[in-house]
Every structure is written in C-alpha cells, then in structure tokens.
Amino acid sequence: MEESELNYFVRVSNTDLDGTKQVQISLTGIKGVGIHTALVLARKAGVNTHELMGKLSDEEVDRIRAVVDEYVETVPTWMMNRPKDLYTGQPRHLLGVDVSLTHEEDVNIMKKMRCYRGIRHETGQKVRGQRTKATGRTGTTVGVSKKKK
C-alpha cells in the first residue's frame, strides 16, 4: 500500500483512533479499553493485532465496530469494568464518555451520603488511606520551620 492510503483517524465508538499505531495500541484510545480488552476485541474481529489501524480495510473496521458494540454479551463478567451496576445489578462495560460520567456520578452519590470517602472527596484530601503528614500538601504548607529564639 502507498503512504497516501493510510487513514490517520479511524472512528470507532465515538472516538477518533490513531491510524498510525498498531491495532492493539490504537484501540486503547477508547476510554474503558485497556491493552487486554483491545487484544480480545481485535482477535474477536479477526484482525491482525500488529497491523496499522489506518491500513485496515473498511470491512475490517466495521467488524471491529460490531465487536466493540457487542462486547458485553461476548465476555465473562470478570472482564468488564463494572461487574455489578449500582442501580440495575447487571454487569456492564462502560466505554467512552460513559466512564467519566459514571465516575462523577458515583463520587456525587458518596458526597450526598456523607460517607467517609465522600467527605474526603469534598475536602480534597486523600481517599484511599494514604499518609497525609508529608505528602498531598497544598498551598504554602511545605517544609518544616523552626522557631526563632
């Protein structure tokens, strides 16, 4: 193939993917898709994982789009990024903008409940039990100052 036949952007799941990278790397550009999920998607679509994304034919890109859309029905629950949804109790795999929207919604629910994690989120402190004496400082409170005699 000539250099001019390379598609620099490939649109999959409302995301522009880099056409100059390998398929397995380019698919990780979709939020909610890591390297392992990208490999599974490429293999289910029957695409060479080491080929450049921009050199794939339209038929292969359409197969990738179809596999991404039906990912939840084809993989076990432990491979999903949300194995049990808070509201429905059903397993879901979030992709794209849904990842950040759901994360913000979960944090807002914790803030409304006034649970420990929600309060830590509100005040901008560490949430997961890290030490805060020396790290995570904001503002001018850095270092140790001695009292002058």
# chains A, B, ... in the order shown; residues from 1 in each chain; ligands from 1
call {"tool": "closest_atom_pairs", "arguments": {"of": "range 42-92 of chain A", "to": "range 1-20 of chain A", "cutoff": "7 Å", "atoms": "only C-alpha atoms", "output": "JSON lines"}}
result
{"residue": "A:Leu52", "atom": "CA", "partner": "A:Thr20", "partner_atom": "CA", "distance": 6.0}
{"residue": "A:Met53", "atom": "CA", "partner": "A:Gly19", "partner_atom": "CA", "distance": 4.6}
{"residue": "A:Gly54", "atom": "CA", "partner": "A:Gly19", "partner_atom": "CA", "distance": 3.8}
{"residue": "A:Lys55", "atom": "CA", "partner": "A:Leu6", "partner_atom": "CA", "distance": 5.3}
{"residue": "A:Arg65", "atom": "CA", "partner": "A:Val12", "partner_atom": "CA", "distance": 5.9}
call {"tool": "residues_around", "arguments": {"residues": "Leu94 in chain A", "least_positions_apart": "3", "cutoff": "9 Å", "atoms": "only C-alpha atoms", "output": "MDAnalysis selection string"}}
result
chainID A and resid 31:33 80:82 97:99 102
call {"tool": "write_last_selection", "arguments": {"atoms": "N, CA and C atoms", "output": "mmCIF file, in the first residue's frame"}}
result
data_model
loop_
_atom_site.group_PDB
_atom_site.id
_atom_site.type_symbol
_atom_site.label_atom_id
_atom_site.label_comp_id
_atom_site.auth_asym_id
_atom_site.auth_seq_id
_atom_site.Cartn_x
_atom_site.Cartn_y
_atom_site.Cartn_z
ATOM 1 N N LYS A 31 -11.790 5.245 25.797
ATOM 2 C CA LYS A 31 -11.865 5.183 27.256
ATOM 3 C C LYS A 31 -12.602 3.921 27.672
ATOM 4 N N GLY A 32 -12.036 3.185 28.623
ATOM 5 C CA GLY A 32 -12.637 1.956 29.084
ATOM 6 C C GLY A 32 -12.067 0.725 28.414
ATOM 7 N N VAL A 33 -11.117 0.916 27.490
ATOM 8 C CA VAL A 33 -10.477 -0.201 26.807
ATOM 9 C C VAL A 33 -8.994 -0.165 27.132
ATOM 10 N N MET A 80 -15.325 -7.269 32.658
ATOM 11 C CA MET A 80 -15.996 -5.987 32.484
ATOM 12 C C MET A 80 -15.492 -4.994 33.520
ATOM 13 N N ASN A 81 -15.556 -3.704 33.189
ATOM 14 C CA ASN A 81 -15.062 -2.704 34.113
ATOM 15 C C ASN A 81 -16.113 -2.286 35.148
ATOM 16 N N ARG A 82 -17.315 -2.776 35.039
ATOM 17 C CA ARG A 82 -18.354 -2.533 36.043
ATOM 18 C C ARG A 82 -19.155 -3.832 36.192
ATOM 19 N N VAL A 97 -17.416 8.310 26.873
ATOM 20 C CA VAL A 97 -17.828 9.353 27.814
ATOM 21 C C VAL A 97 -18.543 8.748 29.023
ATOM 22 N N ASP A 98 -19.146 7.586 28.857
ATOM 23 C CA ASP A 98 -19.871 6.953 29.962
ATOM 24 C C ASP A 98 -18.967 6.672 31.158
ATOM 25 N N VAL A 99 -17.674 6.422 30.922
ATOM 26 C CA VAL A 99 -16.743 6.126 32.010
ATOM 27 C C VAL A 99 -16.630 7.328 32.939
ATOM 28 N N THR A 102 -20.074 8.276 34.707
ATOM 29 C CA THR A 102 -20.428 7.351 35.780
ATOM 30 C C THR A 102 -19.530 7.562 36.989
#
call {"tool": "select_by_dssp", "arguments": {"residues": "range 2-147 of chain A", "states": "strand (DSSP E or B)", "output": "PyMOL selection string"}}
result
chain A and resi 9-12+15-18+22+52+82+92
call {"tool": "atom_distance", "arguments": {"atom1": "CA of Thr49 in chain A", "atom2": "CA of Leu95 in chain A"}}
result
20.2 Å
call {"tool": "select_by_dssp", "arguments": {"residues": "chain A", "states": "helix (DSSP H, G or I)", "output": "PyMOL selection string"}}
result
chain A and resi 3-5+23-29+35-45+53-55+58-69+71-74+77-79+97-113+116-123
call {"tool": "write_last_selection", "arguments": {"atoms": "C-alpha atoms", "output": "PDB file, in the first residue's frame"}}
result
ATOM      1  CA  GLU A   3       1.517   6.120   2.122  1.00  0.00           C
ATOM      2  CA  SER A   4      -1.466   8.093   0.796  1.00  0.00           C
ATOM      3  CA  GLU A   5      -3.839   5.166   1.505  1.00  0.00           C
ATOM      4  CA  VAL A  23      -4.495  -2.068  16.182  1.00  0.00           C
ATOM      5  CA  GLN A  24      -3.884  -3.331  19.728  1.00  0.00           C
ATOM      6  CA  ILE A  25      -2.404   0.028  20.790  1.00  0.00           C
ATOM      7  CA  SER A  26      -4.823   2.207  18.862  1.00  0.00           C
ATOM      8  CA  LEU A  27      -7.904   0.558  20.412  1.00  0.00           C
ATOM      9  CA  THR A  28      -6.682   1.606  23.869  1.00  0.00           C
ATOM     10  CA  GLY A  29      -7.505   5.176  22.802  1.00  0.00           C
ATOM     11  CA  ILE A  35      -4.465  -3.422  26.409  1.00  0.00           C
ATOM     12  CA  HIS A  36      -6.053  -6.762  27.381  1.00  0.00           C
ATOM     13  CA  THR A  37      -9.517  -5.697  26.227  1.00  0.00           C
ATOM     14  CA  ALA A  38      -8.029  -4.337  22.991  1.00  0.00           C
ATOM     15  CA  LEU A  39      -6.384  -7.685  22.255  1.00  0.00           C
ATOM     16  CA  VAL A  40      -9.663  -9.514  22.905  1.00  0.00           C
ATOM     17  CA  LEU A  41     -11.557  -7.112  20.616  1.00  0.00           C
ATOM     18  CA  ALA A  42      -9.038  -7.456  17.783  1.00  0.00           C
ATOM     19  CA  ARG A  43      -8.988 -11.255  18.000  1.00  0.00           C
ATOM     20  CA  LYS A  44     -12.797 -11.490  18.050  1.00  0.00           C
ATOM     21  CA  ALA A  45     -12.928  -9.249  14.979  1.00  0.00           C
ATOM     22  CA  MET A  53      -5.040   0.772  12.245  1.00  0.00           C
ATOM     23  CA  GLY A  54      -5.075   3.159   9.269  1.00  0.00           C
ATOM     24  CA  LYS A  55      -4.249   0.406   6.778  1.00  0.00           C
ATOM     25  CA  ASP A  58     -13.443  -0.677   5.665  1.00  0.00           C
ATOM     26  CA  GLU A  59     -14.779  -4.213   6.159  1.00  0.00           C
ATOM     27  CA  GLU A  60     -12.279  -4.915   8.960  1.00  0.00           C
ATOM     28  CA  VAL A  61     -13.026  -1.598  10.673  1.00  0.00           C
ATOM     29  CA  ASP A  62     -16.751  -2.385  10.503  1.00  0.00           C
ATOM     30  CA  ARG A  63     -16.069  -5.772  12.143  1.00  0.00           C
ATOM     31  CA  ILE A  64     -14.164  -4.012  14.933  1.00  0.00           C
ATOM     32  CA  ARG A  65     -17.065  -1.594  15.447  1.00  0.00           C
ATOM     33  CA  ALA A  66     -19.515  -4.507  15.661  1.00  0.00           C
ATOM     34  CA  VAL A  67     -17.343  -6.374  18.175  1.00  0.00           C
ATOM     35  CA  VAL A  68     -16.989  -3.239  20.342  1.00  0.00           C
ATOM     36  CA  ASP A  69     -20.787  -2.771  20.344  1.00  0.00           C
ATOM     37  CA  TYR A  71     -18.514  -6.718  23.817  1.00  0.00           C
ATOM     38  CA  VAL A  72     -20.726  -7.081  26.906  1.00  0.00           C
ATOM     39  CA  GLU A  73     -22.605 -10.079  25.533  1.00  0.00           C
ATOM     40  CA  THR A  74     -19.471 -11.955  24.480  1.00  0.00           C
ATOM     41  CA  THR A  77     -18.401 -10.813  33.914  1.00  0.00           C
ATOM     42  CA  TRP A  78     -14.899 -10.637  35.367  1.00  0.00           C
ATOM     43  CA  MET A  79     -13.627  -8.942  32.193  1.00  0.00           C
ATOM     44  CA  VAL A  97     -17.828   9.353  27.814  1.00  0.00           C
ATOM     45  CA  ASP A  98     -19.871   6.953  29.962  1.00  0.00           C
ATOM     46  CA  VAL A  99     -16.743   6.126  32.010  1.00  0.00           C
ATOM     47  CA  SER A 100     -16.164   9.684  33.217  1.00  0.00           C
ATOM     48  CA  LEU A 101     -19.878  10.450  33.655  1.00  0.00           C
ATOM     49  CA  THR A 102     -20.428   7.351  35.780  1.00  0.00           C
ATOM     50  CA  HIS A 103     -17.332   8.095  37.876  1.00  0.00           C
ATOM     51  CA  GLU A 104     -18.527  11.641  38.590  1.00  0.00           C
ATOM     52  CA  GLU A 105     -21.985  10.286  39.437  1.00  0.00           C
ATOM     53  CA  ASP A 106     -20.518   7.739  41.870  1.00  0.00           C
ATOM     54  CA  VAL A 107     -18.459  10.415  43.629  1.00  0.00           C
ATOM     55  CA  ASN A 108     -21.512  12.700  43.892  1.00  0.00           C
ATOM     56  CA  ILE A 109     -23.517   9.854  45.438  1.00  0.00           C
ATOM     57  CA  MET A 110     -20.786   9.365  48.058  1.00  0.00           C
ATOM     58  CA  LYS A 111     -20.820  13.103  48.805  1.00  0.00           C
ATOM     59  CA  LYS A 112     -24.603  13.101  49.235  1.00  0.00           C
ATOM     60  CA  MET A 113     -24.456  10.067  51.536  1.00  0.00           C
ATOM     61  CA  TYR A 116     -16.115   8.887  54.818  1.00  0.00           C
ATOM     62  CA  ARG A 117     -14.916   8.666  51.230  1.00  0.00           C
ATOM     63  CA  GLY A 118     -17.415  11.300  50.143  1.00  0.00           C
ATOM     64  CA  ILE A 119     -16.231  13.730  52.810  1.00  0.00           C
ATOM     65  CA  ARG A 120     -12.593  13.146  51.794  1.00  0.00           C
ATOM     66  CA  HIS A 121     -13.535  13.853  48.167  1.00  0.00           C
ATOM     67  CA  GLU A 122     -15.269  17.079  49.193  1.00  0.00           C
ATOM     68  CA  THR A 123     -12.318  18.383  51.176  1.00  0.00           C
TER      69      THR A 123
END
call {"tool": "atom_distance", "arguments": {"atom1": "CA of Arg92 in chain A", "atom2": "CA of Val75 in chain A"}}
result
10.6 Å
call {"tool": "atom_distance", "arguments": {"atom1": "CA of Glu70 in chain A", "atom2": "CA of His93 in chain A"}}
result
10.2 Å
